[in-house]
Each structure stands twice: as C-alpha cells, then as structure tokens.
Amino acid sequence: MSSLWLEDPLGVRPLSAADLPLSVGGPGADIVVPGCAPGELRARVTVDADGLRVVPEPGAIDGLAGVGIRLDEESGRQTIVVTHGGVANLTQPPLAGHGDLDPGEQGDDRVPIPVIEYEPRPPRHSRRRRLRGRAGFILWPALGVVALAFAWLFTAATVVIATTPAAEPESVDFRGTAFELGFSDRWLVPPGDYELEVVVPGYRTARQPLQLARGQAREVIVGLERLPGLVAFDTGGIAATLVVDGIVRGELPGEFELEAGTRELAIRAPRYVEKALRLEVTGGGERQAVSVALQPGFAALTVQSVPAGARVLADGRELGQTPLTTELDAGRYTLAIVHPQFRRFESQVTVQAGKPLLIGPVELGLPDGRLVLRSNPAGADVSIGGQYRGRTPLAVALAPGLPQEVLISKAGFAPATRTVRVESGRESVLALELDAVLGEIRVSGEPADAELFIDGVSRGPANQALMLPAAPHQLEVRKAGLQTFRSTVLPQAGQPQLVEYRLSSPEAARRAGLPARVTTGLGGELRLVSGGRFVMGSPRREAGRRSNEAERNVLLRRPFYLARHPVTNREFREFRAGHLSGIFREETLDLDRQPVVRVGWQDAAAFCNWLSEREKLVPAYQLRDGRYELIEPATTGYRLPTEAEWEFVARHDGQAARRRYPWGDALPVAAGAGNWADVAAIYLTPVTISGYNDGFRVAAPVGSFAASALGFYDLGGNVFEWTTDRYSIYVVGPDHVATDPVGPRDGDGYVIRGAGWLTGKLTELRLAARDVGVSGRPDLGFRLARYAE
C-alpha cells in the first residue's frame with residue numbers, strides 16, 4: 001500500500017487516512033494559502049481510488065486563484081504538492097479580550113504582566129548537542145544534492161525511443177551530455193541540442209540530430225538499415241558470372257556481400273543455360289549458402305554415315321568425320337555430310353540442350369550426273385521435269401538413273417522435247433536444232449521510198465512482205481529528215497500481219513532523237529514508247545466482259561518510258577530495307593529477283609519519288625494531307641504508268657494495241673505464255689487453269705517468260721500491277737477521244753491491271769480486265785514509267 005505525504009512551501013510531512021479531507025484556507029487550515037482571513041475555508045482536498053479531488057467550499061467567493069495543487073506518484077509514494085507565492089500558519093499576535101482590562105488602565109494601553117516563579121529546566125546531555133553538530137555537516141550537502149536532483153527532474157525532457165523495424169537497442173547515446181537517464185525505452189535528458197546514436201545488433205549504427213526543450217515529452221522514431229549479408233555460391237565447379245539486380249558482381253564460385261532484402265539473381269556461364277532465381281538475403285552480417293545446378297546449353301551429337309569417313313559440317317563449320325560424337329550448342333543448324341565419292345547429304349537439325357541427338361546412319365547416295373544442253377539458235381528456255389532451269393547453253397546436275405523430260409523452247413521456233421538419263425559422276429550432252437516457225441509480215445505506208453530494217457538489218461524498200469521467225473522482231477522504217485517508224489512485231493504461223501507506217505513530221509523527228517532505252521540507278525531498264533491511238537476497253541460481245549470495260553478512244557501523244565519488268569524485291573529494299581514480301585502457304589515471295597509485293601499504292605508512289613530525287617529528276621507526286629497525288633501537268637520524274645499506257649503496251653501485237661490475251665486472241669492458254677494459277681498451284685487457290693503448267697507455284701523471277709511484242713516482260717502475268725489512275729467507270733460517246741488521260745482527280749481506289757500467279761479464271765486473263773484497290777496483296781506489284789519529255 002502506498003504512503004501519503006503533503007508538500008507545501010513550509011516543508012514535507014506524512015499524512016494518514018484520518019487526516020483526510022484536508023482543509024484549504026486561512027490560518028488554522030490544514031493547507032494555508034495567501035489572501036485568506038483566519039478561519040476562512042475555500043476548499044477541501046482528498047485522495048481516493050479516482051485520484052486527487054479538490055472540492056470548493058460552499059460560499060467561497062475568491063476560490064483558489066494562484067494556487068496549484070497536484071498529486072505526484074512515484075515508487076509507491078503519493079505526494080499532494082501545493083504551490084503558491086506565500087507561506088502558511090504564520091504566528092499571530094495574541095488577542096486580548098476587552099473584558100480582561102482594567103477600565104482605569106486602558107488609557108495608556110498598558111497591561112500588567114503577572115510575575116511567575118522561574119523554575120530552570122534540567123540541563124540536556126552535551127553529547128547529544130555534539131551529535132547534532134556533526135550531523136549538520138552531512139545533512140546540508142545531502143539536502144543540496146537532493147535539491148539539484150529535484151531541479152534536474154523538473155527541467156529534464158522525457159524521450160521515448162522507438163525503432164523501425166522494431167528492435168531492442170544494444171545502446172542509446174545522446175551525444176553532447178553525460179546526464180541522460182534511461183529506463184527501458186524512456187529517457188530523461190536535459191534540454192539542448194544532441195546527436196542521437198542508436199546501436200542495434202545486425203543493423204548499421206543510426207544517428208540523427210535531436211533538439212529537446214525544457215520539460216518536453218517526445219517520442220523519437222529511429223529508422224534502421226539492415227547490414228548486408230554474406231552469401232556463398234556453389235556452382236559445382238563451373239566458372240560462371242554473378243549478376244545481381246542487373247549488375248555484374250563477379251565470378252563464381254565465391255562469396256559476395258549482398259544487401260539485405262529480395263535480390264534478383266542471374267547465373268551465367270558459357271555453354272550453359274542462364275539460371276535466374278530470386279533470393280531473400282537475411283542480411284545483418286549473417287552467412288547464407290546457395291547451391292546452383294546449371295543446365296548445359298549444349299547436347300551430345302552423334303553422326304553416322306554409310307560409308308564412313310565423310311566430313312560433317314554444321315552451318316559450314318567442319319565438326320569432324322563420321323562416325324562422329326561431339327558437342328554442339330543448342331540451336332538450329334544446316335547439317336551437311338560430304339563424301340568425295342557420294343552425293344552430298346544436307347538437312348536442317350535442331351539441337352536441344354541436354355538431349356543427345358543421333359543422326360543416321362545416313363546412306364549417302366551416288367553423286368549426280370551432269371547434263372550439258374545446247375541449242376541452235378542459243379538462248380532457248382530449258383525446263384526439266386516441268387521446272388524452269390535456265391537458257392542454253394546450260395549445264396545442270398541431275399539424279400542418276402532416272403528418266404528426265406527436257407523441254408527446250410524459244411520464241412519463233414517449235415519447242416523440242418527429249419527424255420534423258422544420266423549416269424552417276426558422268427557428263428552427258430544434249431544438242432538440238434530448233435525448227436523455225438515462220439509468219440508473214442506485210443509493211444505498207446508513206447513515203448513509199450523509205451527503207452525497211454528488221455532487227456537492225458536493211459531489208460530494202462519499206463513496202464513489202466516478209467517471212468520472219470515467230471519471235472519478237474524490231475521493225476524500223478527510216479528516211480532521212482523524218483522520224484523513224486519503229487515497231488515490235490511477233491510473226492505467227494498462218495496469221496499474216498499488216499504493219500502500217502507513216503513517217504512523222506519534223507517534230508516527230510525531234511522526238512525520234514530520244515534514247516530508245518534508259519536505265520535507272522538500280523539497274524532497271526525502261527523502253528521508249530512513242531504512243532499512238534487505240535480503242536481502250538472491250539466490245540460488248542466479248543466473252544467474260546465486265547461493265548467497267550466500256551470502250552473509249554484514247555490518243556497517247558506524249559512519248560513515255562516504261563520499265564521492261566516489275567520492280568523487284570532487291571530494288572525496293574534499296575528504298576525500304578526492312579520490307580518483306582513474305583511467304584504464301586510456305587512458299588517464299590521474298591527472293592531478290594521476285595517482283596516486290598504487299599506494297600500499297602502510296603508505298604509505290606513513295607518509291608517513285610525517292611528514285612526521282614536520287615536521280616535528280618523532278619518528282620511526279622506531291623504530298624497533300626499526308627497522301628501522294630500526281631502533279632499536273634505531270635513531270636518527267638518516275639511514276640506509275642497510266643491505265644491507258646499500261647493497256648496500250650500490254651495489248652500491242654507489234655502493229656496495233658488490239659490483242660485480247662497476253663499470248664494472242666484465242667484460247668487455250670499457250671504453253672509457257674506466262675505465270676498464272678497452274679495445276680501445281682491447286683493447294684494455293686481453288687481455281688486453276690486445267691492442263692496448264694508454267695513451272696512456278698508462286699511469283700517467278702522477273703523476265704522468266706517470253707517478252708511481249710514490244711519487248712516487255714510479265715505484262716498480264718506473274719503479278720497484278722498498280723497504275724497511277726484513280727478508279728472510275730467511263731461512259732463516253734464513240735466520237736470522244738481522250739488524249740494522255742491520267743484518270744479522275746478524286747476517288748477512293750486506284751486501278752489495278754493485269755493478272756497474277758493466283759489468277760485461275762480465263763476471263764480474268766483478258767488484257768482489258770480491270771480491278772480496283774488501295775492496299776497491298778501477295779500477288780500485286782508495280783512497274784515504273786516516266787514521260788520522255
């Protein structure tokens with residue numbers, strides 16, 4: 001049970017329960033306060049289970065102004081502390097009653113004092129006085145120390161130390177004083193400016209500035225930073241590199257100091273799969289051990305062959321000779337087995353890490369035989385087994401012992417077919433004389449005294465009839481001072497052709513001075529087309545005709561150049577290196593000499609402008625609202641051909657623009673006439689040309705088929721082609737003539753002409769057929785054109 005004390009300005013004294021409640025008032029009260037008359041009571045003070053209670057006295061007017069009363073509790077002791085500016089219970093002068101004075105003696109205010117007999121007190125022991133004297137030397141310094149302690153307690157700040165994360169400090173130091181006093185997490189510290197230092201095992205020593213005021217109570221939160229940990233890595237003896245949180249830390253195996261917390265680790269070693277793991281580092285200087293089992297990034301490769309002793313190559317790098325067991329990094333390789341006396345074996349292999357791979361035993365076949373083909377005349381197209389192989393003279397390797405069907409064809413000559421077999425390691429020669437197929441060409445015009453040239457050789461007067469091989473020929477009619485008439489003719493057996501000429505005026509003669517050919521900086525050739533008059537579209541009674549093929553008269557007055565073949569992948573990638581024509585049903589469209597496809601009209605126009613600027617020509621297109629449009633009047637820069645130009649050249653048979661199909665005017669499709677959806681393309685498109693085989697399943701290299709009458713390739717075959725015209729359906733009268741038309745100025749789509757390797761409907765092979773589009777397709781490309789002046 002705690003003891004109860006009273007402390008006021010006069011001192012400290014113990015109390016008992018019987019002393020309560022204490023009276024507060026003037027002299028005579030238990031607690032005397034200034035400003036109270038003797039016997040005046042202002043309040044009563046008691047202590048119970050609820051603490052200190054001060055109850056004002058009924059009728060008290062002034063209350064306890066300037067008086068402080070509180071209850072302090074410490075170490076099982078309760079003290080009622082009273083503070084004020086004065087003292088209590090001063091000795092009062094005696095009060096004499098008026099009735100005690102003699103009335104006769106009151107005038108001089110004197111009172112008689114009776115005499116009492118004196119009795120001396122017995123003497124006290126001298127030793128006790130000596131003890132009291134000695135005790136004074138001890139008591140007063142002790143009281144001074146106590147007073148200083150009380151003063152320190154009343155001025156010190158109370159500081160509560162907490163850490164985050166919560167931990168028990170090993171030491172707490174308020175740097176700047178030696179008078180701090182701590183009890184658990186509470187500290188009494190004199191007011192002032194300090195540096196607080198907290199030491200916790202496993203954490204870095206925490207320091208922070210601290211300013212304390214007199215009597216201040218404050219809670220201080222100290223942030224702790226965990227010490228790094230030591231982590232030992234064991235990789236089983238494999239030399240590796242440690243990467244922590246994306247930063248290379250060093251070589252393994254070994255021990256590293258890592259910051260506490262979650263760390264993202266990567267273990268890298270040559271020829272091993274990178275190991276990624278997440279490690280919770282405990283830190284605090286603690287040691288951890290991590291064992292890492294690295295998976296090999298290679299596999300054992302065994303190659304066997306019959307016969308043995310063959311060289312083994314992976315992507316051209318020699319690995320050894322069969323039988324061979326070696327190690328190869330994971331990946332995809334072209335594996336070749338090469339023996340000097342047998343056919344080369346080659347295959348794609350995939351090596352998976354940690355999984356042994358066995359190749360073979362591979363029985364090597366006998367080496368190919370060699371077939372040399374010659375023809376008279378040379379330059380004939382050669383197909384073997386339905387696959388185009390090149391032009392004579394030609395040497396090809398063939399599998400031995402198998403019958404091979406060889407087809408040799410050349411425009412103007414009858415095709416020749418032979419079946420041959422070659423022996424392993426031997427060379428065979430096949431030489432053929434091609435029989436010419438002749439057609440009649442009649443030339444008529446003015447002036448009659450002009451001179452006729454065929455393929456640059458004079459044939460005499462212009463007006464005559466000739467029998468020429470059924471191949472394209474360059475026909476010229478010349479006379480000094482006049483424009484030379486030029487035409488490409490393709491004679492056909494049993495079909496006489498009439499070529500009419502009229503030598504032009506001096507203006508035309510000036511145009512005759514234009515180069516017949518120009519070459520782009522990319523190596524592409526463009527041929528001059530002088531133009532002419534023709535009927536564009538198809539007659540109403542033509543089989544397969546569509547409503548958008550209305551006939552109209554067109555005059556091409558301005559000479560122009562047209563590319564002999566469509567733009568290739570190689571040429572387009574000079575402009576846009578990352579372009580991919582891609583694949584179609586596992587068939588590539590991306591070879592260098594294949595025509596570029598999957599380009600929209602805007603892409604084609606951008607290519608034309610790029611090439612014009614490269615060759616310092618005025619661009620033919622301008623950007624308007626982010627889209628290319630043809631500049632009018634058209635410049636001499638590179639552009640797409642107009643629809644009229646394309647149809648004029650495609651339909652020209654050497655005399656006039658009137659041909660119905662790329663090969664002539666009638667069905668069936670002539671052998672080798674072009675690249676369309678043949679029988680080999682049945683798995684690519686549901687509609688194919690029955691009985692026709694052109695030797696290509698998808699787009700062929702440009703120039704793979706015979707040129708047209710004017711010397712152009714792939715017009716009407718291989719790929720569809722963009723023109724520069726916006727799409728429209730024309731309805732005009734029979735007397736209307738459109739001169740150098742370029743199509744309407746507005747429209748949503750652009751005209752597409754020709755046919756492609758996916759075309760299997762015969763009606764779509766007509767040269768008058770039209771289509772419309774905006775975006776690229778796998779069978780749609782383009783060719784270049786430009787005005788000559």
# chains A, B, ... in the order shown; residues from 1 in each chain; ligands from 1
$ residues_around --residues "Leu398 of chain A" --least-positions-apart "5" --cutoff "9 Å" --atoms "only C-alpha atoms" --output "number ranges by chain"
A: 368-371, 404, 421-424
$ write_last_selection --atoms "N, CA and C atoms" --output "mmCIF file, in the first residue's frame"
data_model
loop_
_atom_site.group_PDB
_atom_site.id
_atom_site.type_symbol
_atom_site.label_atom_id
_atom_site.label_comp_id
_atom_site.auth_asym_id
_atom_site.auth_seq_id
_atom_site.Cartn_x
_atom_site.Cartn_y
_atom_site.Cartn_z
ATOM 1 N N ASP A 368 25.479 -37.012 -108.420
ATOM 2 C CA ASP A 368 24.672 -36.670 -109.587
ATOM 3 C C ASP A 368 25.471 -36.827 -110.871
ATOM 4 N N GLY A 369 24.718 -36.966 -111.947
ATOM 5 C CA GLY A 369 25.311 -36.871 -113.272
ATOM 6 C C GLY A 369 25.181 -35.442 -113.772
ATOM 7 N N ARG A 370 25.880 -35.115 -114.861
ATOM 8 C CA ARG A 370 25.887 -33.750 -115.385
ATOM 9 C C ARG A 370 25.367 -33.778 -116.818
ATOM 10 N N LEU A 371 24.367 -32.891 -117.062
ATOM 11 C CA LEU A 371 23.775 -32.817 -118.393
ATOM 12 C C LEU A 371 24.085 -31.443 -118.982
ATOM 13 N N GLN A 404 14.430 -38.219 -117.267
ATOM 14 C CA GLN A 404 14.156 -36.796 -117.102
ATOM 15 C C GLN A 404 13.614 -36.259 -118.422
ATOM 16 N N ARG A 421 18.577 -39.790 -119.553
ATOM 17 C CA ARG A 421 19.056 -40.364 -118.295
ATOM 18 C C ARG A 421 20.544 -40.041 -118.189
ATOM 19 N N VAL A 422 20.990 -39.766 -117.002
ATOM 20 C CA VAL A 422 22.419 -39.507 -116.805
ATOM 21 C C VAL A 422 22.978 -40.554 -115.862
ATOM 22 N N GLU A 423 24.276 -40.820 -116.015
ATOM 23 C CA GLU A 423 24.967 -41.769 -115.146
ATOM 24 C C GLU A 423 25.680 -41.017 -114.029
ATOM 25 N N SER A 424 25.788 -41.715 -112.913
ATOM 26 C CA SER A 424 26.428 -41.113 -111.750
ATOM 27 C C SER A 424 27.871 -40.722 -112.072
#
$ residues_around --residues "Leu630 of chain A" --least-positions-apart "2" --cutoff "10 Å" --atoms "only C-alpha atoms" --output "list in words"
Ala605, Pro619, Ala620, Tyr621, Gln622, Leu623, Tyr628, Glu632, Pro633, Ala634, Thr635, Arg639, Leu640, Thr724, Asp725, Val742 and Arg745 of chain A
$ closest_residue --among "A:Gln78, A:Asn376, A:Thr685, A:Ser16" --to "Ser2 of chain A" --atoms "only C-alpha atoms"
A:Gln78
$ closest_residue --among "A:Ala450, A:Val489, A:Leu434, A:Ala310" --to "Met467 of chain A" --atoms "only C-alpha atoms"
A:Val489
$ select_by_dssp --residues "segment 123-202 of chain A" --states "alpha helix (DSSP H)" --output "ChimeraX atom specification"
/A:126-155
$ closest_atom_pairs --of "segment 332-412 of chain A" --to "segment 288-300 of chain A" --cutoff "12 Å" --atoms "only C-alpha atoms" --output "Markdown table"
| residue | atom | partner | partner_atom | distance |
| --- | --- | --- | --- | --- |
| A:Arg332 | CA | A:Phe298 | CA | 11.8 |
| A:Thr350 | CA | A:Ala299 | CA | 10.5 |
| A:Val351 | CA | A:Ala299 | CA | 6.8 |
| A:Gln352 | CA | A:Ala299 | CA | 6.6 |
| A:Ala353 | CA | A:Phe298 | CA | 4.6 |
| A:Gly354 | CA | A:Ala299 | CA | 4.8 |
| A:Lys355 | CA | A:Ala299 | CA | 5.5 |
| A:Pro356 | CA | A:Ala300 | CA | 4.6 |
| A:Leu357 | CA | A:Ala300 | CA | 6.2 |
| A:Leu358 | CA | A:Ala300 | CA | 8.4 |
| A:Ile359 | CA | A:Ala300 | CA | 11.0 |
$ residues_around --residues "segment 202-205 of chain A" --least-positions-apart "3" --cutoff "8 Å" --atoms "only C-alpha atoms" --output "number ranges by chain"
A: 197-199, 224-227, 283-285
$ atom_distance --atom1 "atom CA of Gly144 of chain A" --atom2 "atom CA of Gly11 of chain A"
14.9 Å
$ residues_around --residues "Asn548 of chain A" --least-positions-apart "3" --cutoff "12 Å" --atoms "only C-alpha atoms" --output "VMD selection string"
chain A and resid 536 to 540 544 to 545 551 to 552 727 to 731 751 768 to 772
$ residues_around --residues "Leu41 of chain A" --least-positions-apart "4" --cutoff "10 Å" --atoms "only C-alpha atoms" --output "MDAnalysis selection string"
chainID A and resid 23:33 36:37 56:60 63
$ select_by_dssp --residues "segment 579-669 of chain A" --states "strand (DSSP E or B)" --output "ChimeraX atom specification"
/A:583-584,587-588,595,621-624,627-630,639,652,657,661,664
$ residues_around --residues "Glu571 of chain A" --least-positions-apart "5" --cutoff "10 Å" --atoms "only C-alpha atoms" --output "JSON, numbers by chain"
{"A": [521, 522, 523, 524, 566, 576, 577, 592, 593, 595, 596, 607]}
$ write_last_selection --atoms "N, CA and C atoms" --output "PDB file, in the first residue's frame"
ATOM      1  N   GLY A 521      19.209   4.050-111.740  1.00  0.00           N
ATOM      2  CA  GLY A 521      20.381   3.828-110.904  1.00  0.00           C
ATOM      3  C   GLY A 521      20.366   2.487-110.208  1.00  0.00           C
ATOM      4  N   LEU A 522      19.221   1.794-110.206  1.00  0.00           N
ATOM      5  CA  LEU A 522      19.115   0.467-109.597  1.00  0.00           C
ATOM      6  C   LEU A 522      19.347  -0.647-110.604  1.00  0.00           C
ATOM      7  N   GLY A 523      19.568  -0.273-111.883  1.00  0.00           N
ATOM      8  CA  GLY A 523      19.844  -1.274-112.915  1.00  0.00           C
ATOM      9  C   GLY A 523      18.643  -1.671-113.735  1.00  0.00           C
ATOM     10  N   GLY A 524      17.469  -1.117-113.447  1.00  0.00           N
ATOM     11  CA  GLY A 524      16.280  -1.458-114.228  1.00  0.00           C
ATOM     12  C   GLY A 524      16.245  -0.724-115.558  1.00  0.00           C
ATOM     13  N   PRO A 566       8.509  -5.662-113.709  1.00  0.00           N
ATOM     14  CA  PRO A 566       8.088  -5.040-112.448  1.00  0.00           C
ATOM     15  C   PRO A 566       9.280  -4.810-111.522  1.00  0.00           C
ATOM     16  N   ARG A 576      13.505   0.788 -99.027  1.00  0.00           N
ATOM     17  CA  ARG A 576      12.977   0.448 -97.698  1.00  0.00           C
ATOM     18  C   ARG A 576      13.571  -0.903 -97.299  1.00  0.00           C
ATOM     19  N   ALA A 577      14.690  -0.841 -96.552  1.00  0.00           N
ATOM     20  CA  ALA A 577      15.492  -2.035 -96.295  1.00  0.00           C
ATOM     21  C   ALA A 577      14.723  -3.104 -95.530  1.00  0.00           C
ATOM     22  N   ASP A 592      15.305 -12.125-104.182  1.00  0.00           N
ATOM     23  CA  ASP A 592      15.730 -10.832-104.726  1.00  0.00           C
ATOM     24  C   ASP A 592      15.098 -10.522-106.076  1.00  0.00           C
ATOM     25  N   ARG A 593      15.011 -11.533-106.963  1.00  0.00           N
ATOM     26  CA  ARG A 593      14.514 -11.260-108.317  1.00  0.00           C
ATOM     27  C   ARG A 593      13.028 -11.509-108.470  1.00  0.00           C
ATOM     28  N   PRO A 595       9.197 -10.272-108.066  1.00  0.00           N
ATOM     29  CA  PRO A 595       8.614  -8.926-108.008  1.00  0.00           C
ATOM     30  C   PRO A 595       8.187  -8.593-106.582  1.00  0.00           C
ATOM     31  N   VAL A 596       8.418  -7.351-106.172  1.00  0.00           N
ATOM     32  CA  VAL A 596       8.009  -6.930-104.837  1.00  0.00           C
ATOM     33  C   VAL A 596       6.482  -6.926-104.765  1.00  0.00           C
ATOM     34  N   PHE A 607       8.101   5.227-103.461  1.00  0.00           N
ATOM     35  CA  PHE A 607       9.298   4.673-104.109  1.00  0.00           C
ATOM     36  C   PHE A 607       9.645   5.487-105.358  1.00  0.00           C
TER      37      PHE A 607
END
$ closest_residue --among "A:Leu528, A:Ala709, A:Ala516, A:Leu758" --to "Ala680 of chain A" --atoms "only C-alpha atoms"
A:Leu758
$ residues_around --residues "Lys275 of chain A" --least-positions-apart "2" --cutoff "7 Å" --atoms "only C-alpha atoms" --output "number ranges by chain"
A: 266-268, 273, 277, 294
$ write_last_selection --atoms "N, CA, C and O atoms" --output "compact mmCIF listing (two decimals), in the first residue's frame"
# COMPACT_ATOMS: atom_id res chain seq x y z
N ALA A 266 21.07 -13.68 -61.49
CA ALA A 266 21.25 -14.41 -62.75
C ALA A 266 22.65 -15.02 -62.73
O ALA A 266 23.62 -14.32 -62.43
N ILE A 267 22.71 -16.31 -63.01
CA ILE A 267 24.00 -17.01 -63.06
C ILE A 267 24.26 -17.36 -64.52
O ILE A 267 23.48 -18.08 -65.15
N ARG A 268 25.34 -16.81 -65.07
CA ARG A 268 25.64 -17.00 -66.48
C ARG A 268 26.98 -17.72 -66.64
O ARG A 268 27.95 -17.36 -65.96
N VAL A 273 22.76 -22.88 -69.78
CA VAL A 273 21.54 -22.08 -69.77
C VAL A 273 21.59 -21.12 -68.59
O VAL A 273 21.92 -21.52 -67.47
N LEU A 277 17.11 -16.69 -60.52
CA LEU A 277 16.48 -17.04 -59.25
C LEU A 277 16.32 -15.80 -58.39
O LEU A 277 17.00 -14.78 -58.60
N LEU A 294 23.59 -25.70 -62.76
CA LEU A 294 23.45 -25.13 -64.09
C LEU A 294 23.14 -26.22 -65.11
O LEU A 294 23.74 -27.29 -65.10
$ closest_residue --among "A:Leu715, A:Val338, A:Val669, A:Leu617" --to "Ser690 of chain A" --atoms "only C-alpha atoms"
A:Val669
$ atom_distance --atom1 "atom CA of His473 of chain A" --atom2 "atom CA of Gln387 of chain A"
27.4 Å
$ closest_residue --among "A:Ala462, A:Ala378, A:Val702, A:Ala657" --to "Ala563 of chain A" --atoms "only C-alpha atoms"
A:Val702
$ closest_residue --among "A:Arg459, A:Arg13, A:Arg697, A:Arg186" --to "Thr588 of chain A" --atoms "only C-alpha atoms"
A:Arg697
